[in-house]
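K.L.:
Just one file: query.cif, with mmCIF, C-alpha atoms and all ligand atoms.
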```cif
data_input
loop_
_atom_site.label_atom_id
_atom_site.label_comp_id
_atom_site.auth_asym_id
_atom_site.auth_seq_id
_atom_site.Cartn_x
_atom_site.Cartn_y
_atom_site.Cartn_z
CA MET A 13 18.86 5.89 0.59
CA SER A 14 20.18 2.45 -0.34
CA SER A 15 22.43 2.55 -3.35
CA PRO A 16 20.92 1.16 -6.52
CA GLY A 17 24.38 -0.33 -7.17
CA ASN A 18 24.93 -1.54 -10.71
CA ARG A 19 21.33 -0.90 -11.83
CA ARG A 20 22.40 1.09 -14.92
CA ILE A 21 24.08 -1.93 -16.48
CA VAL A 22 21.36 -4.42 -15.51
CA SER A 23 18.24 -4.22 -17.68
CA LYS A 24 15.84 -5.67 -15.10
CA PRO A 25 13.84 -2.89 -13.40
CA LEU A 26 14.32 -2.56 -9.66
CA VAL A 27 11.46 -2.76 -7.19
CA TRP A 28 10.94 -0.07 -4.53
CA ALA A 29 8.26 0.38 -1.88
CA VAL A 30 6.43 3.43 -0.54
CA VAL A 31 4.53 3.09 2.74
CA PRO A 32 2.07 5.92 3.45
CA ALA A 33 1.78 6.27 7.24
CA ALA A 34 0.82 9.93 7.58
CA GLY A 35 -2.88 9.45 8.32
CA LYS A 36 -4.62 10.43 11.54
CA GLY A 37 -6.69 7.23 11.76
CA SER A 38 -9.55 9.05 13.53
CA ARG A 39 -11.92 6.07 13.16
CA MET A 40 -9.76 4.13 15.65
CA GLY A 41 -10.76 6.60 18.38
CA SER A 42 -7.23 6.35 19.84
CA GLU A 43 -4.78 9.07 20.91
CA ILE A 44 -2.01 7.02 19.34
CA PRO A 45 -2.11 6.81 15.50
CA LYS A 46 -3.14 3.29 14.47
CA GLN A 47 0.22 2.41 12.92
CA TYR A 48 1.79 2.72 16.39
CA LEU A 49 -0.74 0.58 18.27
CA THR A 50 0.51 -2.70 19.66
CA LEU A 51 -0.27 -5.83 17.68
CA ALA A 52 1.12 -9.22 18.74
CA GLY A 53 3.88 -7.59 20.81
CA LYS A 54 5.07 -5.13 18.14
CA GLN A 55 3.78 -1.90 16.69
CA VAL A 56 1.56 -2.25 13.61
CA LEU A 57 4.14 -0.38 11.53
CA GLU A 58 6.95 -2.76 12.57
CA HIS A 59 5.02 -5.70 11.14
CA THR A 60 4.34 -3.82 7.89
CA LEU A 61 7.88 -2.55 7.37
CA GLY A 62 9.41 -5.90 8.38
CA ILE A 63 7.64 -7.72 5.53
CA LEU A 64 8.69 -5.16 2.89
CA ILE A 65 12.25 -4.48 4.05
CA GLY A 66 12.84 -8.22 4.48
CA HIS A 67 11.74 -9.02 0.92
CA PRO A 68 14.73 -9.94 -1.26
CA ARG A 69 13.39 -8.17 -4.39
CA ILE A 70 12.69 -4.82 -2.70
CA THR A 71 15.67 -2.46 -2.96
CA ALA A 72 14.54 0.12 -0.39
CA VAL A 73 11.42 1.35 1.38
CA VAL A 74 10.26 4.97 1.73
CA LEU A 75 8.17 5.54 4.85
CA VAL A 76 5.90 8.61 4.68
CA VAL A 77 5.00 10.13 8.06
CA SER A 78 3.10 13.21 9.16
CA ALA A 79 5.04 16.38 10.04
CA ASP A 80 4.17 16.10 13.75
CA ASP A 81 5.00 12.38 14.07
CA VAL A 82 7.52 11.89 16.90
CA ARG A 83 7.16 8.12 17.08
CA TRP A 84 8.68 6.95 13.81
CA PRO A 85 12.40 7.09 14.91
CA ILE A 86 11.81 4.35 17.49
CA VAL A 87 10.40 2.05 14.83
CA ALA A 88 12.99 3.08 12.22
CA GLU A 89 15.96 2.28 14.46
CA GLN A 90 15.00 -1.38 14.27
CA PHE A 91 15.66 -1.40 10.55
CA GLU A 92 19.32 -0.67 10.03
CA GLN A 93 19.22 -0.53 6.25
CA GLY A 94 16.81 0.05 3.44
CA LEU A 95 14.50 2.57 5.12
CA ASN A 96 14.09 6.25 4.17
CA VAL A 97 11.63 8.65 5.77
CA VAL A 98 9.83 11.66 4.27
CA THR A 99 6.95 13.91 5.33
CA GLY A 100 3.49 13.34 3.86
CA GLY A 101 0.55 15.59 3.05
CA ALA A 102 -3.13 16.28 3.66
CA GLU A 103 -4.55 13.29 1.76
CA ARG A 104 -3.17 9.81 1.15
CA CYS A 105 -2.37 10.67 -2.49
CA HIS A 106 -0.25 13.66 -1.38
CA SER A 107 1.68 11.37 0.96
CA VAL A 108 2.22 8.78 -1.76
CA LEU A 109 3.43 11.49 -4.13
CA ALA A 110 5.95 12.70 -1.51
CA GLY A 111 7.28 9.13 -1.30
CA LEU A 112 7.53 8.84 -5.09
CA ASN A 113 9.34 12.18 -5.33
CA CYS A 114 11.88 10.97 -2.78
CA LEU A 115 12.67 7.99 -5.04
CA ARG A 116 13.12 10.19 -8.09
CA GLU A 117 16.87 10.77 -7.75
CA HIS A 118 17.69 7.14 -6.93
CA ALA A 119 15.37 5.15 -9.15
CA ASP A 120 14.65 4.89 -12.84
CA ASP A 121 11.19 5.88 -14.11
CA ARG A 122 10.79 2.32 -15.46
CA ASP A 123 11.41 0.79 -12.03
CA TRP A 124 8.46 -0.72 -10.20
CA VAL A 125 7.09 0.78 -7.00
CA LEU A 126 4.86 -1.06 -4.55
CA VAL A 127 2.66 1.32 -2.55
CA HIS A 128 1.46 -0.36 0.63
CA ASP A 129 -0.62 1.07 3.49
CA ALA A 130 1.18 1.16 6.84
CA ALA A 131 -2.13 0.06 8.35
CA ARG A 132 -2.04 -3.35 6.59
CA PRO A 133 0.35 -5.41 8.75
CA CYS A 134 -0.91 -8.86 7.69
CA LEU A 135 0.42 -8.72 4.12
CA ARG A 136 1.89 -12.10 3.16
CA VAL A 137 5.26 -12.54 1.44
CA SER A 138 3.53 -14.97 -0.94
CA ASP A 139 1.16 -12.19 -2.08
CA ILE A 140 4.11 -9.88 -2.83
CA ASP A 141 5.73 -12.73 -4.80
CA GLN A 142 2.49 -13.34 -6.68
CA MET A 143 2.28 -9.65 -7.66
CA LEU A 144 5.89 -9.49 -8.80
CA ASN A 145 5.52 -12.68 -10.85
CA ASN A 146 2.17 -11.75 -12.42
CA LEU A 147 2.84 -8.08 -13.14
CA ASN A 148 6.51 -8.09 -14.09
CA GLU A 149 5.70 -8.20 -17.81
CA SER A 150 2.48 -6.15 -17.63
CA VAL A 151 2.05 -2.84 -19.41
CA TRP A 152 0.58 -0.84 -16.54
CA GLY A 153 1.06 -2.89 -13.38
CA GLY A 154 -1.79 -3.70 -11.05
CA ILE A 155 -3.14 -4.16 -7.58
CA LEU A 156 -3.73 -6.84 -5.01
CA ALA A 157 -7.48 -7.35 -4.61
CA ALA A 158 -10.02 -9.71 -3.09
CA PRO A 159 -13.33 -10.70 -4.72
CA VAL A 160 -16.50 -9.26 -3.17
CA ARG A 161 -18.31 -12.06 -1.34
CA ASP A 162 -21.38 -10.38 0.15
CA THR A 163 -24.53 -9.25 -1.60
CA LEU A 164 -24.23 -5.54 -2.28
CA LYS A 165 -27.02 -2.97 -1.86
CA ARG A 166 -27.25 0.61 -3.07
CA CYS A 167 -29.27 2.74 -0.62
CA SER A 168 -30.93 6.13 -0.57
CA THR A 169 -29.60 8.70 1.92
CA ASN A 170 -32.33 7.71 4.40
CA GLY A 171 -31.19 4.07 4.36
CA GLU A 172 -33.81 2.49 2.10
CA ILE A 173 -32.53 -0.12 -0.30
CA GLU A 174 -32.90 1.03 -3.87
CA GLN A 175 -31.03 -1.67 -5.73
CA THR A 176 -29.12 -4.94 -5.40
CA VAL A 177 -25.79 -4.46 -7.17
CA ASP A 178 -24.47 -7.35 -9.24
CA ARG A 179 -21.24 -8.40 -7.51
CA THR A 180 -19.91 -10.33 -10.50
CA ARG A 181 -16.54 -8.82 -11.41
CA LEU A 182 -16.49 -6.61 -8.29
CA TRP A 183 -13.31 -6.61 -6.20
CA HIS A 184 -12.07 -5.01 -3.00
CA ALA A 185 -8.95 -3.00 -3.83
CA LEU A 186 -6.15 -3.86 -1.39
CA THR A 187 -2.49 -2.87 -1.28
CA PRO A 188 0.26 -3.23 -2.40
CA GLN A 189 -0.45 -1.48 -5.67
CA MET A 190 2.37 -1.89 -8.16
CA PHE A 191 3.13 0.58 -10.94
CA ARG A 192 6.05 2.02 -12.87
CA LEU A 193 7.50 4.86 -10.86
CA GLY A 194 7.32 7.43 -13.69
CA ASP A 195 3.76 6.45 -14.74
CA LEU A 196 2.47 6.69 -11.20
CA ARG A 197 4.13 10.01 -10.40
CA THR A 198 2.78 11.57 -13.61
CA ALA A 199 -0.70 10.09 -13.08
CA ILE A 200 -1.03 11.37 -9.49
CA ASN A 201 0.31 14.80 -10.45
CA THR A 202 -2.15 15.03 -13.34
CA ALA A 203 -5.07 13.90 -11.16
CA LEU A 204 -4.23 16.51 -8.51
CA GLU A 205 -3.87 19.25 -11.12
CA SER A 206 -7.40 18.47 -12.33
CA GLY A 207 -8.75 18.52 -8.76
CA LEU A 208 -9.17 14.75 -8.47
CA ILE A 209 -8.22 13.36 -5.04
CA VAL A 210 -7.61 9.72 -5.87
CA THR A 211 -8.14 7.21 -3.06
CA ASP A 212 -5.76 4.63 -4.49
CA GLU A 213 -2.95 4.50 -7.04
CA ALA A 214 -4.98 2.48 -9.55
CA GLN A 215 -7.55 5.29 -9.73
CA ALA A 216 -4.83 7.72 -10.83
CA ILE A 217 -3.59 5.28 -13.49
CA GLU A 218 -7.18 4.61 -14.65
CA ALA A 219 -7.79 8.37 -14.96
CA ALA A 220 -4.68 8.55 -17.14
CA GLY A 221 -6.17 5.92 -19.47
CA GLY A 222 -4.27 2.92 -18.07
CA ARG A 223 -5.74 -0.53 -17.44
CA PRO A 224 -4.20 -1.94 -14.23
CA MET A 225 -4.49 -5.70 -13.63
CA ILE A 226 -6.07 -7.42 -10.64
CA VAL A 227 -3.96 -9.95 -8.72
CA GLU A 228 -6.05 -12.00 -6.31
CA GLY A 229 -4.63 -11.69 -2.80
CA HIS A 230 -5.55 -13.12 0.59
CA ALA A 231 -8.51 -11.43 2.27
CA ASP A 232 -6.61 -11.43 5.60
CA ASN A 233 -4.63 -8.42 4.31
CA ILE A 234 -7.01 -6.16 6.24
CA LYS A 235 -6.58 -2.44 6.86
CA ILE A 236 -6.65 -1.64 10.57
CA THR A 237 -9.50 0.88 10.70
CA HIS A 238 -11.66 0.20 13.77
CA PRO A 239 -10.56 -0.97 17.27
CA GLU A 240 -11.92 -4.51 16.73
CA ASP A 241 -9.61 -4.93 13.69
CA LEU A 242 -6.61 -5.30 16.02
CA ALA A 243 -7.90 -8.58 17.51
CA LEU A 244 -8.69 -9.87 14.02
CA ALA A 245 -5.22 -8.90 12.73
CA GLU A 246 -3.62 -10.61 15.74
CA MET A 247 -5.48 -13.80 14.91
CA TYR A 248 -4.44 -13.60 11.24
CA LEU A 249 -0.77 -13.11 12.22
CA GLN A 250 -1.02 -16.11 14.53
CA ILE A 251 -2.47 -18.25 11.72
CA GLN A 252 0.39 -17.09 9.47
CA GLY A 253 2.90 -18.06 12.20
CA ARG A 254 4.11 -14.46 12.58
CA SER A 255 3.30 -13.94 16.26
O1 LIG A 301 -7.16 6.58 6.32
P1 LIG A 301 -6.84 5.29 5.63
O2 LIG A 301 -6.92 4.12 6.55
O3 LIG A 301 -7.57 5.07 4.35
O4 LIG A 301 -5.30 5.44 5.22
C1 LIG A 301 -4.62 4.42 4.49
C2 LIG A 301 -3.12 4.64 4.67
O5 LIG A 301 -2.75 5.92 4.13
C3 LIG A 301 -2.70 4.63 6.14
O6 LIG A 301 -1.53 3.85 6.28
C4 LIG A 301 -2.48 6.10 6.45
O7 LIG A 301 -1.49 6.34 7.43
C5 LIG A 301 -2.03 6.66 5.09
N1 LIG A 301 -2.31 8.09 4.92
C6 LIG A 301 -1.24 8.96 4.64
N2 LIG A 301 -1.49 10.31 4.50
C7 LIG A 301 -2.72 10.81 4.65
C8 LIG A 301 -3.81 9.94 4.91
C9 LIG A 301 -3.57 8.59 5.03
O8 LIG A 301 -0.10 8.52 4.53
N3 LIG A 301 -2.90 12.12 4.55
#
```
Could I get this file's structure written as structure tokens?
Ligand code: C5P

P.N.:
Amino acid sequence: MSSPGNRRIVSKPLVWAVVPAAGKGSRMGSEIPKQYLTLAGKQVLEHTLGILIGHPRITAVVLVVSADDVRWPIVAEQFEQGLNVVTGGAERCHSVLAGLNCLREHADDRDWVLVHDAARPCLRVSDIDQMLNNLNESVWGGILAAPVRDTLKRCSTNGEIEQTVDRTRLWHALTPQMFRLGDLRTAINTALESGLIVTDEAQAIEAAGGRPMIVEGHADNIKITHPEDLALAEMYLQIQGRS
């Protein structure tokens, strides 16, 4: 773990990152987990970690992998410093919690943590900067999000449209999601204790009574989910000049 150095005498909270990468990615239909598929000449995970580890405000990154993952050391050896690896759990929230627990002995509860999906390799440095600038003084933190553009329909189980949902004020939740380390750890623990499997960090904070902020991010920060997403991500990286 990277040393927090003189953090105890500096009042500014540090910023850490947790990257959950312990999913099976079954919707990709690939033998190889999606974070290890090749994208613009590198593995998906290399792109994701490169952006976070290379960011000057991020002190260290915790990568969360599944217990049977034999591929991570090859990716990790490319990052000489600032990367720590722990084993995740059954659901994404268990994996995130494992990452947060790893930070516990090195970080302060008031420090910020950015949780970012391994499967989102097209994250822009400018979006991280935007989050850090906008949320630095916030009470709860917040998430990167993109406004919903399409008309939304609520359907019955047999596929008949029942209702057109007003999309005003509706957003797609993206990652990173940025919260105080102590708040987030407590909120996820409390959610799990009450049987709530949260699908993102904001949901845990909301359940604890918090009001996370939205920071508008670029919609090209897609999550690789289906095989066709790789070609799209490759195009986005090319447009960003990263391939
Ligand atoms: O499955 P989904 O695409 O929603 O997963 C989002 C991220 O969470 C992925 O990077 C995946 O590897 C991670 N994850 C995890 N532990 C799980 C399930 C998902 O770290 N048990």

K.L.:
Name each residue within 10 Å of ligand LIG 301 (chain A), counting only C-alpha atoms and all ligand atoms, as a tab-separated table (two decimals) with C-alpha atoms, in the frame of the given file.

P.N.:
```tsv
chain	number	residue	atom	x	y	z
A	30	VAL	CA	6.43	3.43	-0.54
A	31	VAL	CA	4.53	3.09	2.74
A	32	PRO	CA	2.07	5.92	3.45
A	33	ALA	CA	1.78	6.27	7.24
A	34	ALA	CA	0.82	9.93	7.58
A	35	GLY	CA	-2.88	9.45	8.32
A	36	LYS	CA	-4.62	10.43	11.54
A	37	GLY	CA	-6.69	7.23	11.76
A	38	SER	CA	-9.55	9.05	13.53
A	39	ARG	CA	-11.92	6.07	13.16
A	40	MET	CA	-9.76	4.13	15.65
A	45	PRO	CA	-2.11	6.81	15.50
A	46	LYS	CA	-3.14	3.29	14.47
A	47	GLN	CA	0.22	2.41	12.92
A	57	LEU	CA	4.14	-0.38	11.53
A	60	THR	CA	4.34	-3.82	7.89
A	75	LEU	CA	8.17	5.54	4.85
A	76	VAL	CA	5.90	8.61	4.68
A	77	VAL	CA	5.00	10.13	8.06
A	78	SER	CA	3.10	13.21	9.16
A	99	THR	CA	6.95	13.91	5.33
A	100	GLY	CA	3.49	13.34	3.86
A	101	GLY	CA	0.55	15.59	3.05
A	102	ALA	CA	-3.13	16.28	3.66
A	103	GLU	CA	-4.55	13.29	1.76
A	104	ARG	CA	-3.17	9.81	1.15
A	105	CYS	CA	-2.37	10.67	-2.49
A	106	HIS	CA	-0.25	13.66	-1.38
A	107	SER	CA	1.68	11.37	0.96
A	108	VAL	CA	2.22	8.78	-1.76
A	109	LEU	CA	3.43	11.49	-4.13
A	110	ALA	CA	5.95	12.70	-1.51
A	111	GLY	CA	7.28	9.13	-1.30
A	127	VAL	CA	2.66	1.32	-2.55
A	128	HIS	CA	1.46	-0.36	0.63
A	129	ASP	CA	-0.62	1.07	3.49
A	130	ALA	CA	1.18	1.16	6.84
A	131	ALA	CA	-2.13	0.06	8.35
A	132	ARG	CA	-2.04	-3.35	6.59
A	133	PRO	CA	0.35	-5.41	8.75
A	187	THR	CA	-2.49	-2.87	-1.28
A	211	THR	CA	-8.14	7.21	-3.06
A	212	ASP	CA	-5.76	4.63	-4.49
A	235	LYS	CA	-6.58	-2.44	6.86
A	236	ILE	CA	-6.65	-1.64	10.57
A	237	THR	CA	-9.50	0.88	10.70
A	238	HIS	CA	-11.66	0.20	13.77
```

K.L.:
Figure out the distance between atom CA of A:Val227 and atom CA of A:Val151, please, to one decimal in Å.

P.N.:
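Going from atom CA of A:Val151 over to atom CA of A:Val227, I get 14.2 Å.
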
K.L.:
Quick check, in Å to one decimal: how far apart do atom CA of A:Ile155 and atom CA of A:Leu196 lie?

P.N.:
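Rounded to one decimal, the two atoms are 12.7 Å apart.
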
K.L.:
Find the residues around A:Val160 up to 10 Å (all atoms listed in the file counted), leave out those fewer than 2 positions away in its own chain, and share them as a list in words.

P.N.:
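Counting only the stated atoms, we get Ala157, Ala158, Asp162, Thr163, Leu164, Arg179, Thr180, Arg181, Leu182, Trp183, His184, Ala185 and Ala231 of chain A.
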
K.L.:
Show me, as a short mmCIF file (atom, residue, chain, number, x, y, z; two decimals) with C-alpha atoms, in the frame of the given file, the residues that have an atom within 7 Å of A:Arg166 when counting all atoms listed in the file, minus same-chain residues fewer than 2 positions from it.

P.N.:
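Saved the output as part_9.cif:
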```
data_model
loop_
_atom_site.label_atom_id
_atom_site.label_comp_id
_atom_site.auth_asym_id
_atom_site.auth_seq_id
_atom_site.Cartn_x
_atom_site.Cartn_y
_atom_site.Cartn_z
CA LEU A 164 -24.23 -5.54 -2.28
CA ILE A 173 -32.53 -0.12 -0.30
CA GLU A 174 -32.90 1.03 -3.87
CA GLN A 175 -31.03 -1.67 -5.73
CA THR A 176 -29.12 -4.94 -5.40
CA VAL A 177 -25.79 -4.46 -7.17
#
```

K.L.:
Find the distance between atom CA of A:Asn113 and atom CA of A:Leu156 and write it in Å to one decimal.

P.N.:
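That distance, rounded to one decimal, is 23.1 Å.
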